[in-house]
Amino acid sequence: MNGLIKSDRIIINGNTPLNGDVSISGAKNAAVAVIPAALLVDGWCRIENVPRISDVEILKKLISELGAKVEVEDDNVLFIDASEIRSHIATCDMVKDLRASYYLLGALLGKLGCVEVYPPGGCDFGFRPIDQHIKGFEALGATVSSSYGIVKASADKLEGNSIYLDIVSVGATLNLMMAAVKARGTTFIENAAKEPHVVDVANFLNAMGANIRGAGTDRIRVYGVEKLPGKATYTIIPDQIEAGTFMIASAATGGDVCVWNVIPIHMESLIAKLTEIGVEVTCNGDWIRVTSRRGEGRNLTRANIKTMAYPGFPTDLQPQISTLLTQAKGTSVVTEGIWADRFKYIFELNKMGANIKVEGKKAVINGVTPLCGASVQAKDLRAGAAVVIGGMAAKGVTDITGVRYIERGYEDFVCKLNSLGADIQYV
């Protein structure tokens, strides 16, 4: 168990509104891609606003074993020097526990021209195909194979090419962007993902000496360069999913929370849905306030939601907002448009008194259903956040196991919630 994790079990005394201010950490989804991307840098780099989460701890160990020099300058600042990296093999057991392990494919292929990596692990909510990654590597001139569960890729010299992604894939977009940074010529990534952390990784690489244009649009152009000199500092963007989780928690508990260190434009799809549900949302500059007083909490109204690629509603907020919709009057339908199997948490919410039925890729939520404390499990990272929100909104005591999943993506989650008035204790 990672040293950041105090326990794999927490107890929540619920039915308490959240109130106060909370500051959002650096983006988990950006950090777990920026750290592998740092392997491409020929000098050193300094990365600020790195979240202290277990996925980052694993990545630090992984790149250290590959030969990178990694120093923690402060709680949220990393110094990385990958100029002496020599190993292209990442097949230790740690890799299997990490979804972001596939970013080592693009980074090491771009750095050394060869790579061997276990396929991605992490949360289990459906098979994670990497066919689009492989298709792109091959278009750049790499030979890709798989044996004994290990993905291998190599190339004498990567050559820029035009790559069309058959589906919008954040992982494939980032992996191909990394692999193409030092490729000869120009690479065009068509139908690219537009998520904020895609833009963040492109900005990081550009700060280190890359030449990437169009990140944030569906057509990214990567002009290959000989070297990434680095010797620069970069600050990771705030975590839009952590921000959204606290915003939804405020609404579900009938609270009044101001979320700081956010980029409001990244939250537009959530803000629109919270407003539709009947939650009061105000924002300005780098903060968003979400108000749903206890007396108003039972007057929330139904809504239909479908998760989509950015700027659509994020799949990583689907479990959390489904928990909120149990407290909204009427029947809501939540459609999962990204992952095949992301409704495992619903059985846990139904233990707490929710009335949710799964019909294929849709969850039909009948509200309002008062939630009551129960013994439940965190099935994955965001599902864990959902049952925590349910526990805080419920009457009575909720016992949650599987906290290790939550620690993968939220820095000081329990501490931050308790600072807002929650009553959560590690067991």
# chains A, B, ... in the order shown; residues from 1 in each chain; ligands from 1
call {"tool": "residues_around", "arguments": {"residues": "region 145-159 of chain A", "least_positions_apart": "2", "cutoff": "10 Å", "atoms": "only C-alpha atoms", "output": "compact mmCIF listing (two decimals) with N, CA and C atoms, in the first residue's frame"}}
result
# COMPACT_ATOMS: atom_id res chain seq x y z
N HIS A 88 14.80 1.19 -21.54
CA HIS A 88 13.54 1.34 -22.28
C HIS A 88 12.51 0.33 -21.81
N ILE A 89 12.80 -0.38 -20.72
CA ILE A 89 11.94 -1.48 -20.28
C ILE A 89 11.22 -1.09 -18.98
N ALA A 90 9.89 -1.10 -19.04
CA ALA A 90 9.06 -0.81 -17.85
C ALA A 90 8.05 -1.94 -17.71
N THR A 91 8.51 -3.04 -17.11
CA THR A 91 7.65 -4.22 -17.00
C THR A 91 7.55 -4.73 -15.56
N TYR A 102 0.63 3.61 -20.03
CA TYR A 102 0.77 3.63 -21.49
C TYR A 102 1.43 4.89 -22.01
N LEU A 105 4.92 4.46 -23.30
CA LEU A 105 5.11 3.99 -24.67
C LEU A 105 5.57 5.13 -25.58
N GLY A 106 4.78 6.20 -25.63
CA GLY A 106 5.12 7.32 -26.51
C GLY A 106 6.37 8.04 -26.07
N LEU A 108 9.05 6.90 -24.20
CA LEU A 108 10.29 6.14 -24.40
C LEU A 108 10.57 5.88 -25.88
N LEU A 109 9.52 5.66 -26.65
CA LEU A 109 9.71 5.48 -28.09
C LEU A 109 10.29 6.75 -28.70
N GLY A 110 9.77 7.91 -28.27
CA GLY A 110 10.29 9.18 -28.77
C GLY A 110 11.68 9.49 -28.27
N LEU A 112 14.12 7.07 -26.92
CA LEU A 112 15.16 6.08 -27.17
C LEU A 112 14.97 5.29 -28.46
N GLY A 113 13.78 5.40 -29.07
CA GLY A 113 13.51 4.64 -30.28
C GLY A 113 13.07 3.22 -30.03
N CYS A 114 12.89 2.85 -28.77
CA CYS A 114 12.41 1.51 -28.44
C CYS A 114 11.78 1.54 -27.04
N VAL A 115 10.85 0.61 -26.80
CA VAL A 115 10.15 0.59 -25.52
C VAL A 115 9.52 -0.77 -25.30
N GLU A 116 9.47 -1.21 -24.05
CA GLU A 116 8.73 -2.40 -23.64
C GLU A 116 7.96 -2.04 -22.37
N VAL A 117 6.63 -2.15 -22.42
CA VAL A 117 5.79 -1.72 -21.30
C VAL A 117 4.61 -2.68 -21.15
N TYR A 118 4.25 -2.96 -19.91
CA TYR A 118 3.01 -3.68 -19.66
C TYR A 118 1.83 -2.80 -20.07
N PRO A 119 0.72 -3.40 -20.52
CA PRO A 119 -0.47 -2.60 -20.86
C PRO A 119 -1.05 -1.94 -19.64
N ILE A 130 -5.71 -0.22 -26.85
CA ILE A 130 -4.70 0.76 -27.26
C ILE A 130 -4.44 0.63 -28.77
N ILE A 134 -1.33 2.11 -31.17
CA ILE A 134 -0.48 1.27 -32.01
C ILE A 134 -0.56 1.71 -33.48
N PHE A 137 1.63 4.77 -33.81
CA PHE A 137 3.06 4.47 -33.76
C PHE A 137 3.53 3.87 -35.09
N GLU A 138 2.72 2.98 -35.62
CA GLU A 138 3.08 2.35 -36.89
C GLU A 138 3.11 3.36 -38.03
N ALA A 139 2.19 4.32 -37.98
CA ALA A 139 2.18 5.37 -39.01
C ALA A 139 3.44 6.23 -38.94
N LEU A 140 4.03 6.32 -37.75
CA LEU A 140 5.27 7.09 -37.57
C LEU A 140 6.50 6.26 -37.92
N GLY A 141 6.29 4.99 -38.27
CA GLY A 141 7.40 4.16 -38.70
C GLY A 141 7.87 3.14 -37.70
N ALA A 142 7.15 2.98 -36.59
CA ALA A 142 7.56 2.02 -35.56
C ALA A 142 7.02 0.63 -35.88
N THR A 143 7.74 -0.38 -35.42
CA THR A 143 7.26 -1.76 -35.45
C THR A 143 6.74 -2.09 -34.07
N ASN A 161 4.00 11.98 -39.95
CA ASN A 161 2.97 11.45 -40.85
C ASN A 161 1.62 12.06 -40.45
N ALA A 179 5.42 10.84 -28.96
CA ALA A 179 6.27 10.10 -29.89
C ALA A 179 6.72 10.97 -31.05
N ALA A 180 5.88 11.92 -31.46
CA ALA A 180 6.16 12.72 -32.65
C ALA A 180 7.05 13.93 -32.39
N VAL A 181 7.26 14.26 -31.12
CA VAL A 181 7.99 15.49 -30.78
C VAL A 181 9.38 15.54 -31.42
N LYS A 182 10.07 14.39 -31.44
CA LYS A 182 11.42 14.35 -32.00
C LYS A 182 11.48 13.61 -33.33
N ALA A 183 10.32 13.30 -33.91
CA ALA A 183 10.28 12.62 -35.20
C ALA A 183 10.73 13.58 -36.30
N ARG A 184 11.25 13.02 -37.37
CA ARG A 184 11.68 13.83 -38.50
C ARG A 184 10.45 14.33 -39.26
N GLY A 185 10.36 15.64 -39.49
CA GLY A 185 9.25 16.20 -40.26
C GLY A 185 8.06 16.57 -39.39
N THR A 186 6.90 16.65 -40.01
CA THR A 186 5.68 17.14 -39.35
C THR A 186 4.66 16.02 -39.21
N THR A 187 4.05 15.96 -38.03
CA THR A 187 2.98 14.99 -37.76
C THR A 187 1.67 15.72 -37.56
N GLY A 224 8.62 18.24 -35.72
CA GLY A 224 9.70 17.55 -35.03
C GLY A 224 10.92 18.43 -34.78
call {"tool": "closest_residue", "arguments": {"among": "A:Gly391, A:Val170, A:Phe79, A:Asn355", "to": "Leu417 (chain A)", "atoms": "only C-alpha atoms"}}
result
A:Gly391
call {"tool": "select_by_dssp", "arguments": {"residues": "region 84-160 of chain A", "states": "helix (DSSP H, G or I)", "output": "list in words"}}
result
Asp93, Met94, Val95, Lys96, Arg99, Ala100, Ser101, Tyr102, Tyr103, Leu104, Leu105, Gly106, Ala107, Leu108, Leu109, Gly110, Lys111, Leu112, Asp131, Gln132, His133, Ile134, Lys135, Gly136, Phe137, Glu138 and Ala139 of chain A
call {"tool": "write_last_selection", "arguments": {"atoms": "C-alpha atoms", "output": "mmCIF file, in the first residue's frame"}}
result
data_model
loop_
_atom_site.group_PDB
_atom_site.id
_atom_site.type_symbol
_atom_site.label_atom_id
_atom_site.label_comp_id
_atom_site.auth_asym_id
_atom_site.auth_seq_id
_atom_site.Cartn_x
_atom_site.Cartn_y
_atom_site.Cartn_z
ATOM 1 C CA ASP A 93 4.600 -5.008 -11.183
ATOM 2 C CA MET A 94 4.034 -1.289 -10.448
ATOM 3 C CA VAL A 95 3.208 -0.697 -14.124
ATOM 4 C CA LYS A 96 0.250 -3.077 -13.942
ATOM 5 C CA ARG A 99 -3.580 3.321 -16.087
ATOM 6 C CA ALA A 100 -1.102 6.030 -17.133
ATOM 7 C CA SER A 101 1.601 3.427 -17.800
ATOM 8 C CA TYR A 102 0.772 3.626 -21.492
ATOM 9 C CA TYR A 103 2.238 7.141 -21.656
ATOM 10 C CA LEU A 104 5.630 5.504 -21.204
ATOM 11 C CA LEU A 105 5.111 3.989 -24.672
ATOM 12 C CA GLY A 106 5.118 7.321 -26.507
ATOM 13 C CA ALA A 107 7.695 8.937 -24.225
ATOM 14 C CA LEU A 108 10.291 6.144 -24.399
ATOM 15 C CA LEU A 109 9.710 5.481 -28.088
ATOM 16 C CA GLY A 110 10.286 9.177 -28.768
ATOM 17 C CA LYS A 111 13.306 9.324 -26.456
ATOM 18 C CA LEU A 112 15.162 6.083 -27.173
ATOM 19 C CA ASP A 131 -5.288 0.000 -30.931
ATOM 20 C CA GLN A 132 -5.339 3.702 -31.825
ATOM 21 C CA HIS A 133 -1.988 4.182 -30.070
ATOM 22 C CA ILE A 134 -0.480 1.268 -32.014
ATOM 23 C CA LYS A 135 -1.949 2.462 -35.311
ATOM 24 C CA GLY A 136 -0.345 5.865 -34.742
ATOM 25 C CA PHE A 137 3.062 4.470 -33.765
ATOM 26 C CA GLU A 138 3.080 2.346 -36.892
ATOM 27 C CA ALA A 139 2.176 5.372 -39.013
#
call {"tool": "closest_residue", "arguments": {"among": "A:Ile35, A:Ala210, A:Asp75, A:Leu205", "to": "Leu59 (chain A)", "atoms": "only C-alpha atoms"}}
result
A:Ile35
call {"tool": "select_by_dssp", "arguments": {"residues": "region 112-353 of chain A", "states": "strand (DSSP E or B)", "output": "PyMOL selection string"}}
result
chain A and resi 114-117+143-147+150-154+159+162-164+184+186-190+212-213+215+217+219-223+232-235+238+256-260+280-284+287-291+300-301+304-307+313+328-335
call {"tool": "write_last_selection", "arguments": {"atoms": "C-alpha atoms", "output": "PDB file, in the first residue's frame"}}
result
ATOM      1  CA  CYS A 114      12.407   1.510 -28.437  1.00  0.00           C
ATOM      2  CA  VAL A 115      10.152   0.592 -25.516  1.00  0.00           C
ATOM      3  CA  GLU A 116       8.728  -2.396 -23.638  1.00  0.00           C
ATOM      4  CA  VAL A 117       5.787  -1.717 -21.302  1.00  0.00           C
ATOM      5  CA  THR A 143       7.259  -1.759 -35.455  1.00  0.00           C
ATOM      6  CA  VAL A 144       4.847  -2.781 -32.699  1.00  0.00           C
ATOM      7  CA  SER A 145       4.291  -6.245 -31.246  1.00  0.00           C
ATOM      8  CA  SER A 146       2.955  -7.877 -28.104  1.00  0.00           C
ATOM      9  CA  SER A 147       4.133 -11.007 -26.351  1.00  0.00           C
ATOM     10  CA  ILE A 150       4.151  -6.869 -22.909  1.00  0.00           C
ATOM     11  CA  VAL A 151       3.788  -4.223 -25.624  1.00  0.00           C
ATOM     12  CA  LYS A 152       6.995  -3.634 -27.575  1.00  0.00           C
ATOM     13  CA  ALA A 153       7.722  -0.879 -30.093  1.00  0.00           C
ATOM     14  CA  SER A 154      10.874   0.157 -31.914  1.00  0.00           C
ATOM     15  CA  GLU A 159       9.040   9.934 -39.413  1.00  0.00           C
ATOM     16  CA  SER A 162      -0.758  12.226 -40.939  1.00  0.00           C
ATOM     17  CA  ILE A 163      -2.713  10.149 -38.412  1.00  0.00           C
ATOM     18  CA  TYR A 164      -6.488   9.999 -38.181  1.00  0.00           C
ATOM     19  CA  ARG A 184      11.678  13.828 -38.497  1.00  0.00           C
ATOM     20  CA  THR A 186       5.678  17.142 -39.349  1.00  0.00           C
ATOM     21  CA  THR A 187       2.982  14.989 -37.759  1.00  0.00           C
ATOM     22  CA  PHE A 188      -0.724  15.781 -38.073  1.00  0.00           C
ATOM     23  CA  ILE A 189      -3.055  14.189 -35.495  1.00  0.00           C
ATOM     24  CA  GLU A 190      -6.600  14.390 -36.831  1.00  0.00           C
ATOM     25  CA  ILE A 212       3.335  21.715 -31.069  1.00  0.00           C
ATOM     26  CA  ARG A 213       0.426  23.690 -32.475  1.00  0.00           C
ATOM     27  CA  ALA A 215      -3.701  21.498 -28.999  1.00  0.00           C
ATOM     28  CA  THR A 217      -8.600  21.628 -31.372  1.00  0.00           C
ATOM     29  CA  ARG A 219      -6.163  18.882 -35.445  1.00  0.00           C
ATOM     30  CA  ILE A 220      -2.785  18.951 -33.713  1.00  0.00           C
ATOM     31  CA  ARG A 221       0.405  19.676 -35.638  1.00  0.00           C
ATOM     32  CA  VAL A 222       3.726  18.476 -34.227  1.00  0.00           C
ATOM     33  CA  TYR A 223       6.832  19.857 -35.910  1.00  0.00           C
ATOM     34  CA  ALA A 232      12.612  25.460 -17.466  1.00  0.00           C
ATOM     35  CA  THR A 233       9.811  25.469 -14.904  1.00  0.00           C
ATOM     36  CA  TYR A 234       6.223  24.544 -15.716  1.00  0.00           C
ATOM     37  CA  THR A 235       3.068  24.713 -13.582  1.00  0.00           C
ATOM     38  CA  PRO A 238      -5.873  22.889 -11.622  1.00  0.00           C
ATOM     39  CA  ASP A 256     -22.399  26.365   0.365  1.00  0.00           C
ATOM     40  CA  VAL A 257     -18.848  25.856  -0.881  1.00  0.00           C
ATOM     41  CA  CYS A 258     -16.464  28.167  -2.719  1.00  0.00           C
ATOM     42  CA  VAL A 259     -13.960  26.232  -4.824  1.00  0.00           C
ATOM     43  CA  TRP A 260     -10.693  28.119  -5.417  1.00  0.00           C
ATOM     44  CA  GLU A 280     -27.062  28.075  -7.543  1.00  0.00           C
ATOM     45  CA  VAL A 281     -23.644  28.526  -9.174  1.00  0.00           C
ATOM     46  CA  THR A 282     -21.623  31.743  -9.355  1.00  0.00           C
ATOM     47  CA  CYS A 283     -18.070  32.137 -10.609  1.00  0.00           C
ATOM     48  CA  ASN A 284     -15.476  34.814 -11.206  1.00  0.00           C
ATOM     49  CA  TRP A 287     -13.253  30.589  -8.073  1.00  0.00           C
ATOM     50  CA  ILE A 288     -16.705  28.963  -8.299  1.00  0.00           C
ATOM     51  CA  ARG A 289     -19.313  29.040  -5.537  1.00  0.00           C
ATOM     52  CA  VAL A 290     -21.966  26.317  -5.337  1.00  0.00           C
ATOM     53  CA  THR A 291     -24.943  26.864  -3.042  1.00  0.00           C
ATOM     54  CA  LEU A 300     -33.709  19.815  -6.991  1.00  0.00           C
ATOM     55  CA  THR A 301     -35.126  18.724 -10.343  1.00  0.00           C
ATOM     56  CA  ASN A 304     -30.629  13.912 -18.418  1.00  0.00           C
ATOM     57  CA  ILE A 305     -26.865  13.654 -18.880  1.00  0.00           C
ATOM     58  CA  LYS A 306     -24.651  11.979 -21.461  1.00  0.00           C
ATOM     59  CA  THR A 307     -20.910  11.794 -21.022  1.00  0.00           C
ATOM     60  CA  PHE A 313     -19.877  16.336 -19.854  1.00  0.00           C
ATOM     61  CA  ALA A 328     -33.506  15.385  -7.437  1.00  0.00           C
ATOM     62  CA  LYS A 329     -37.249  15.083  -7.956  1.00  0.00           C
ATOM     63  CA  GLY A 330     -38.289  12.964 -10.919  1.00  0.00           C
ATOM     64  CA  THR A 331     -36.586  10.444 -13.173  1.00  0.00           C
ATOM     65  CA  SER A 332     -33.135  11.248 -14.531  1.00  0.00           C
ATOM     66  CA  VAL A 333     -31.290   9.302 -17.212  1.00  0.00           C
ATOM     67  CA  VAL A 334     -27.493   9.206 -17.263  1.00  0.00           C
ATOM     68  CA  THR A 335     -25.918   7.778 -20.423  1.00  0.00           C
TER      69      THR A 335
END
